[in-house]
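**Student:** Pasting a structure below so you can have a look.
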Amino acid sequence: MEKEKRTTPKTKYVPNMITMSNMAVGVFVILAMMRVNSAAGTRLACLLIYLAVIFDALDGFLARHLNATSELGRQLDSFADFVTFGVAPVAIFMARMDDISWFVLFVLVMYPLAGAFRLARYNLQEDYRYFKGLPITAAGFITASTLFIHSFVSQEFSNMFVLVFVLQTFLLSFLMVGSFRVKRILH
């Protein structure tokens, strides 16, 4: 007979504290990028997003393991993911730009909006064994990785890099709102 998982008062809030750590990372990256526009700042911001990816995986795993899942936790997780993987990567890119065209700005705004749509759709699902569309965490990881790698290649954003980044951002936005299913790895 399987031992029943029990939540104790001490462990009940651990998953939500990790979720809030994820969100704190995102807020910190956004605020820091308002003051820093260097390659070193970009690297640090991207490393922080990688840390938030770990927090995002850990909070859900612990919530299930500790039998501490809740609607509040689900909503907090979506808000945290929106900030950290939807807005923060765009803030990193924008901090490094001197001049942004209306088209680039449009695509950059579309990216977090697509992520918000994807998160809201996920929260309304009844079956959580899969994701519908590319998870925003994966999109944020890809975006941060592109910026991280580029920060070692060049101190400046060339026109070619801006074009590649904007196309990638557009593609990731499209994939997040897509209707294809992605099986959850950690369940």
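Going by the structure tokens order, chains are called A, B, ..., each with residues numbered from 1, while ligands are numbered from 1 in the order shown.
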So that I can see what lies close to A:Pro135, please list as a ChimeraX atom specification the residues with an atom at most 12 Å from it, counting only C-alpha atoms and leaving out residues fewer than 2 positions away in the same chain.
**Tutor:** /A:53,56-57,78,81-82,85-86,114-122,130-133,137-142,172-185
**Student:** So that I can see what lies close to A:Glu156, please list as a PyMOL selection string the residues with an atom at most 10 Å from it, counting only C-alpha atoms and leaving out residues fewer than 6 positions away in the same chain.
**Tutor:** chain A and resi 38-39+96-97+150
**Student:** Next, the residues of the selection above should be written as a short mmCIF file (atom, residue, chain, number, x, y, z; two decimals), in the first residue's frame with N, CA and C atoms.
**Tutor:**
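Output file out_16.cif follows:
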data_model
loop_
_atom_site.label_atom_id
_atom_site.label_comp_id
_atom_site.auth_asym_id
_atom_site.auth_seq_id
_atom_site.Cartn_x
_atom_site.Cartn_y
_atom_site.Cartn_z
N SER A 38 24.98 46.49 -20.97
CA SER A 38 26.27 45.94 -21.38
C SER A 38 26.15 44.45 -21.67
N ALA A 39 27.15 43.91 -22.33
CA ALA A 39 27.19 42.48 -22.59
C ALA A 39 27.26 41.70 -21.28
N ARG A 96 19.48 46.79 -24.80
CA ARG A 96 20.69 46.84 -25.64
C ARG A 96 20.46 47.61 -26.93
N MET A 97 19.23 48.03 -27.20
CA MET A 97 18.91 48.72 -28.45
C MET A 97 18.95 50.24 -28.26
N HIS A 150 24.98 35.44 -27.93
CA HIS A 150 25.38 36.63 -28.68
C HIS A 150 26.25 37.57 -27.85
#
**Student:** Could you jot down the atom CA of A:Met33 to atom CA of A:Val87 separation for me, Å, one decimal place?
**Tutor:**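 Rounded to one decimal, the two atoms are 11.5 Å apart.
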**Student:** List the spatial neighbours of A:Ala80 as number ranges by chain - criterion: any atom at most 7 Å away, only C-alpha atoms, same-chain residues fewer than 2 positions off excluded.
**Tutor:** A: 19-20, 22-23, 76-78, 82-84
**Student:** Tell me, which residues of stretch 28-166 of chain A carry DSSP alpha helix (DSSP H), written as a count of residues only?
**Tutor:** 101
**Student:** Tell me, as a list in words, which residues lie within 9 Å of stretch 10-15 of chain A, counting only C-alpha atoms; anything in the same chain fewer than 3 positions away does not count.
**Tutor:**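 The residues that qualify are Thr7, Ile18, Thr19, Met20, Leu58, Asp59, Gly60, Phe61, Leu62, Ala63, Leu66, Asn67, Ala68, Thr69 and Gly73 of chain A.
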**Student:** What does the distance from atom CA of A:Phe165 to atom CA of A:Phe55 come to in Å, to one decimal?
**Tutor:**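 Separation of atom CA of A:Phe165 and atom CA of A:Phe55: 25.6 Å.
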**Student:** Looking at only C-alpha atoms, which of A:Leu134, A:Leu167, A:Val90, A:Leu47 is the one that sits closest to A:Ile149?
**Tutor:**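 Closest to A:Ile149 of all the choices is A:Leu47.
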